[in-house]
file final-v2.txt (compact mmCIF, C-alpha atoms)
# COMPACT_ATOMS: atom_id res chain seq x y z
CA MET X 1 10.60 10.76 -0.60
CA PRO X 2 10.15 6.98 -0.34
CA ARG X 3 12.08 4.94 -2.84
CA LYS X 4 10.31 2.31 -4.96
CA TYR X 5 11.98 -1.08 -5.15
CA PRO X 6 11.09 -3.69 -7.74
CA GLN X 7 9.02 -6.62 -6.48
CA SER X 8 11.77 -9.04 -7.53
CA PHE X 9 14.22 -7.23 -5.23
CA LYS X 10 11.76 -7.38 -2.33
CA ASP X 11 11.16 -11.10 -2.92
CA ARG X 12 14.87 -11.83 -3.01
CA ALA X 13 15.49 -9.82 0.18
CA THR X 14 12.74 -11.59 2.11
CA ARG X 15 13.90 -14.96 0.82
CA MET X 16 17.39 -14.20 2.13
CA VAL X 17 15.93 -13.52 5.59
CA PHE X 18 13.72 -16.60 5.58
CA ASP X 19 16.59 -18.83 4.38
CA ARG X 20 18.83 -17.53 7.16
CA LEU X 21 16.09 -18.05 9.77
CA GLU X 22 15.74 -21.71 8.71
CA ASP X 23 19.36 -22.45 9.67
CA GLU X 24 19.89 -24.36 12.89
CA ASP X 25 22.25 -21.76 14.32
CA ALA X 26 20.14 -18.77 13.24
CA PRO X 27 20.12 -15.80 15.59
CA SER X 28 16.91 -13.95 16.40
CA ARG X 29 14.68 -12.69 13.64
CA TYR X 30 15.57 -9.05 14.27
CA THR X 31 19.29 -9.84 14.26
CA VAL X 32 18.98 -11.56 10.87
CA ILE X 33 17.08 -8.59 9.45
CA ARG X 34 19.58 -6.14 10.97
CA GLN X 35 22.50 -8.06 9.41
CA THR X 36 20.85 -8.53 6.00
CA ALA X 37 19.57 -4.99 5.39
CA PRO X 38 22.98 -3.26 5.11
CA LYS X 39 24.15 -5.92 2.64
CA LEU X 40 21.27 -4.89 0.37
CA SER X 41 21.71 -1.14 1.05
CA ILE X 42 18.24 -0.76 2.51
CA ALA X 43 16.94 0.38 5.89
CA THR X 44 16.39 -2.25 8.57
CA GLU X 45 12.81 -1.12 9.12
CA THR X 46 12.07 -1.40 5.41
CA LEU X 47 13.25 -4.99 5.31
CA ARG X 48 11.35 -5.79 8.51
CA ARG X 49 8.10 -4.50 6.97
CA TRP X 50 8.73 -6.53 3.80
CA VAL X 51 9.28 -9.68 5.85
CA GLU X 52 6.10 -9.03 7.87
CA GLN X 53 4.07 -8.49 4.67
CA ALA X 54 5.55 -11.61 3.05
CA GLU X 55 4.43 -13.65 6.05
CA VAL X 56 0.92 -12.20 5.77
CA ASP X 57 0.82 -12.90 2.02
CA THR X 58 1.87 -16.53 2.52
CA GLY X 59 -0.62 -17.06 5.34
CA LYS X 60 1.97 -17.57 8.09
CA LYS X 61 0.62 -14.51 9.89
CA SER X 62 -2.81 -12.93 10.10
CA GLY X 63 -3.41 -9.65 8.33
CA VAL X 64 -4.51 -8.13 5.04
CA PRO X 65 -2.67 -9.56 1.99
CA THR X 66 -1.01 -7.24 -0.52
CA ASP X 67 -3.53 -7.92 -3.30
CA ALA X 68 -6.43 -7.08 -0.96
CA LEU X 69 -4.69 -3.84 0.07
CA ALA X 70 -4.31 -2.85 -3.58
CA GLU X 71 -8.00 -3.52 -4.20
CA ILE X 72 -8.99 -1.48 -1.14
CA ARG X 73 -6.83 1.46 -2.31
CA LYS X 74 -8.38 1.28 -5.78
CA LEU X 75 -11.91 1.26 -4.38
CA LYS X 76 -11.16 4.17 -2.05
CA ARG X 77 -9.86 6.25 -4.98
CA GLU X 78 -12.93 5.37 -7.04
CA ASN X 79 -15.22 6.23 -4.12
CA ALA X 80 -13.57 9.64 -3.69
CA GLU X 81 -13.89 10.34 -7.41
CA LEU X 82 -17.57 9.42 -7.36
CA ARG X 83 -18.16 11.65 -4.33
CA ARG X 84 -16.54 14.59 -6.16
CA ALA X 85 -18.66 13.94 -9.25
CA ASN X 86 -21.79 13.72 -7.11
CA GLU X 87 -20.95 17.04 -5.44
CA ILE X 88 -20.51 18.68 -8.86
CA LEU X 89 -23.86 17.31 -10.02
CA LYS X 90 -25.60 18.59 -6.87
CA THR X 91 -24.15 22.06 -7.41
CA ALA X 92 -25.14 22.06 -11.08
CA SER X 93 -28.69 20.90 -10.35
CA ALA X 94 -29.08 23.62 -7.72
CA PHE X 95 -27.86 26.22 -10.24
CA PHE X 96 -30.27 25.10 -12.96
CA ALA X 97 -33.17 24.79 -10.51
CA ALA X 98 -32.57 28.41 -9.52
CA GLU X 99 -32.66 29.38 -13.20
CA LEU X 100 -36.05 27.73 -13.63
CA ASP X 101 -37.50 29.46 -10.55
CA ARG X 102 -36.66 32.97 -11.74
CA PRO X 103 -39.59 34.90 -13.14
CA THR X 104 -39.24 35.86 -16.77
CA THR X 105 -39.76 39.46 -17.81
CA ARG X 106 -41.47 40.09 -21.16
call {"tool": "encode", "arguments": {"input": "final-v2.txt", "output": "structure tokens"}}
result
Amino acid sequence: MPRKYPQSFKDRATRMVFDRLEDEDAPSRYTVIRQTAPKLSIATETLRRWVEQAEVDTGKKSGVPTDALAEIRKLKRENAELRRANEILKTASAFFAAELDRPTTR
């Protein structure tokens, strides 16, 4: 199961990578990430994704920012909920329409 890290931890981790990359004698980006991740007890791929997303959020790289992703997820959940409610209403209206069409016996 994926582990949730606080946003402050993610920010600090990405800042460590960016600070190291700004040095004159900095190795490649992947090398910096590979060296930094074990110091923070996280997976290299996790840190790489955080760095990529931080670059998107700051506008250094093209992509969908974090706040837009959260809004998209929220709207998708709401859309699914509305579709379920609509399906329930269709079923209920069909049931009651069938009740009205039945002949009454007196």
call {"tool": "residues_around", "arguments": {"input": "final-v2.txt", "residues": "Arg29 in chain X", "least_positions_apart": "6", "cutoff": "10 Å", "atoms": "all atoms listed in the file", "output": "list in words"}}
result
Val17, Phe18, Arg20, Leu21, Arg48 and Val51 of chain X
call {"tool": "residues_around", "arguments": {"input": "final-v2.txt", "residues": "Gln53 in chain X", "least_positions_apart": "6", "cutoff": "10 Å", "atoms": "all atoms listed in the file", "output": "list in words"}}
result
Thr14, Leu47, Gly59, Lys60, Lys61, Ser62, Gly63, Val64, Pro65 and Thr66 of chain X
call {"tool": "atom_distance", "arguments": {"input": "final-v2.txt", "atom1": "CA of Ala85 in chain X", "atom2": "CA of Ala97 in chain X"}}
result
18.2 Å
call {"tool": "atom_distance", "arguments": {"input": "final-v2.txt", "atom1": "CA of Glu71 in chain X", "atom2": "CA of Val56 in chain X"}}
result
15.9 Å
call {"tool": "residues_around", "arguments": {"input": "final-v2.txt", "residues": "Thr46 in chain X", "least_positions_apart": "5", "cutoff": "12 Å", "atoms": "only C-alpha atoms", "output": "list in words"}}
result
Pro2, Arg3, Lys4, Tyr5, Lys10, Ala13, Thr14, Ile33, Arg34, Thr36, Ala37, Pro38, Leu40, Ser41, Val51, Glu52 and Gln53 of chain X
call {"tool": "atom_distance", "arguments": {"input": "final-v2.txt", "atom1": "CA of Thr44 in chain X", "atom2": "CA of Ile72 in chain X"}}
result
27.2 Å
call {"tool": "closest_residue", "arguments": {"input": "final-v2.txt", "among": "X:Trp50, X:Arg83, X:Ala92, X:Arg102", "to": "Gln7 in chain X", "atoms": "all atoms listed in the file"}}
result
X:Trp50
call {"tool": "decode", "arguments": {"input": "final-v2.txt", "residues": "range 47-86 of chain X", "atoms": "N, CA and C atoms", "output": "CSV table (one decimal), in the first residue's frame"}}
result
chain,number,residue,atom,x,y,z
X,47,LEU,N,11.1,9.9,-5.2
X,47,LEU,CA,11.7,11.2,-5.2
X,47,LEU,C,11.7,11.8,-6.6
X,48,ARG,N,12.0,11.0,-7.6
X,48,ARG,CA,12.0,11.5,-9.0
X,48,ARG,C,10.7,12.0,-9.4
X,49,ARG,N,9.6,11.3,-9.1
X,49,ARG,CA,8.3,11.8,-9.4
X,49,ARG,C,7.9,13.1,-8.7
X,50,TRP,N,8.4,13.3,-7.4
X,50,TRP,CA,8.2,14.5,-6.7
X,50,TRP,C,8.9,15.7,-7.4
X,51,VAL,N,10.1,15.4,-7.8
X,51,VAL,CA,10.9,16.4,-8.5
X,51,VAL,C,10.2,16.9,-9.8
X,52,GLU,N,9.8,15.9,-10.5
X,52,GLU,CA,9.1,16.2,-11.8
X,52,GLU,C,7.9,17.0,-11.5
X,53,GLN,N,7.1,16.6,-10.6
X,53,GLN,CA,5.8,17.4,-10.3
X,53,GLN,C,6.1,18.8,-9.7
X,54,ALA,N,7.2,18.9,-9.0
X,54,ALA,CA,7.6,20.2,-8.5
X,54,ALA,C,8.0,21.2,-9.6
X,55,GLU,N,8.6,20.6,-10.6
X,55,GLU,CA,9.0,21.4,-11.8
X,55,GLU,C,7.8,21.8,-12.6
X,56,VAL,N,6.8,20.9,-12.7
X,56,VAL,CA,5.5,21.3,-13.4
X,56,VAL,C,4.8,22.4,-12.6
X,57,ASP,N,4.7,22.2,-11.3
X,57,ASP,CA,4.0,23.2,-10.4
X,57,ASP,C,4.7,24.6,-10.5
X,58,THR,N,6.0,24.6,-10.6
X,58,THR,CA,6.7,25.9,-10.7
X,58,THR,C,6.7,26.5,-12.1
X,59,GLY,N,6.3,25.7,-13.1
X,59,GLY,CA,6.3,26.2,-14.4
X,59,GLY,C,7.6,26.0,-15.2
X,60,LYS,N,8.5,25.3,-14.6
X,60,LYS,CA,9.8,25.0,-15.3
X,60,LYS,C,9.6,23.9,-16.4
X,61,LYS,N,8.5,23.1,-16.3
X,61,LYS,CA,8.2,22.0,-17.2
X,61,LYS,C,6.7,22.1,-17.5
X,62,SER,N,6.4,21.6,-18.7
X,62,SER,CA,5.0,21.6,-19.1
X,62,SER,C,4.3,20.4,-18.5
X,63,GLY,N,3.0,20.5,-18.2
X,63,GLY,CA,2.3,19.4,-17.6
X,63,GLY,C,1.1,20.0,-16.8
X,64,VAL,N,0.4,19.1,-16.1
X,64,VAL,CA,-0.8,19.5,-15.3
X,64,VAL,C,-0.3,19.8,-13.9
X,65,PRO,N,-0.5,21.0,-13.3
X,65,PRO,CA,-0.1,21.3,-12.0
X,65,PRO,C,-1.0,20.5,-10.9
X,66,THR,N,-0.4,20.3,-9.8
X,66,THR,CA,-1.0,19.5,-8.7
X,66,THR,C,-2.4,20.0,-8.4
X,67,ASP,N,-2.6,21.3,-8.3
X,67,ASP,CA,-4.0,21.8,-7.9
X,67,ASP,C,-5.0,21.5,-9.0
X,68,ALA,N,-4.6,21.6,-10.2
X,68,ALA,CA,-5.5,21.2,-11.3
X,68,ALA,C,-5.8,19.7,-11.3
X,69,LEU,N,-4.8,18.9,-11.0
X,69,LEU,CA,-5.1,17.4,-10.8
X,69,LEU,C,-6.1,17.1,-9.7
X,70,ALA,N,-6.0,17.9,-8.6
X,70,ALA,CA,-6.9,17.7,-7.5
X,70,ALA,C,-8.3,18.1,-7.9
X,71,GLU,N,-8.5,19.2,-8.7
X,71,GLU,CA,-9.8,19.6,-9.1
X,71,GLU,C,-10.4,18.6,-10.1
X,72,ILE,N,-9.5,18.0,-11.0
X,72,ILE,CA,-10.0,17.0,-12.0
X,72,ILE,C,-10.5,15.8,-11.2
X,73,ARG,N,-9.7,15.3,-10.2
X,73,ARG,CA,-10.2,14.2,-9.4
X,73,ARG,C,-11.5,14.4,-8.8
X,74,LYS,N,-11.6,15.6,-8.2
X,74,LYS,CA,-12.9,16.0,-7.5
X,74,LYS,C,-14.1,16.0,-8.5
X,75,LEU,N,-13.9,16.5,-9.6
X,75,LEU,CA,-14.9,16.6,-10.6
X,75,LEU,C,-15.3,15.2,-11.2
X,76,LYS,N,-14.3,14.3,-11.3
X,76,LYS,CA,-14.6,13.0,-11.8
X,76,LYS,C,-15.4,12.2,-10.7
X,77,ARG,N,-15.0,12.4,-9.4
X,77,ARG,CA,-15.8,11.7,-8.4
X,77,ARG,C,-17.3,12.2,-8.4
X,78,GLU,N,-17.4,13.5,-8.5
X,78,GLU,CA,-18.8,14.1,-8.5
X,78,GLU,C,-19.5,13.6,-9.7
X,79,ASN,N,-18.9,13.6,-10.9
X,79,ASN,CA,-19.6,13.1,-12.1
X,79,ASN,C,-20.0,11.6,-11.9
X,80,ALA,N,-19.2,10.8,-11.3
X,80,ALA,CA,-19.6,9.4,-11.1
X,80,ALA,C,-20.8,9.3,-10.2
X,81,GLU,N,-20.7,10.1,-9.1
X,81,GLU,CA,-21.8,10.1,-8.2
X,81,GLU,C,-23.2,10.5,-8.8
X,82,LEU,N,-23.1,11.6,-9.7
X,82,LEU,CA,-24.3,12.0,-10.4
X,82,LEU,C,-24.8,11.0,-11.4
X,83,ARG,N,-23.9,10.3,-12.0
X,83,ARG,CA,-24.3,9.2,-12.9
X,83,ARG,C,-25.0,8.1,-12.2
X,84,ARG,N,-24.5,7.7,-11.0
X,84,ARG,CA,-25.2,6.7,-10.2
X,84,ARG,C,-26.6,7.2,-9.7
X,85,ALA,N,-26.7,8.4,-9.3
X,85,ALA,CA,-27.9,9.0,-8.9
X,85,ALA,C,-28.9,9.0,-10.1
X,86,ASN,N,-28.4,9.4,-11.2
X,86,ASN,CA,-29.3,9.4,-12.4
X,86,ASN,C,-29.8,8.0,-12.8
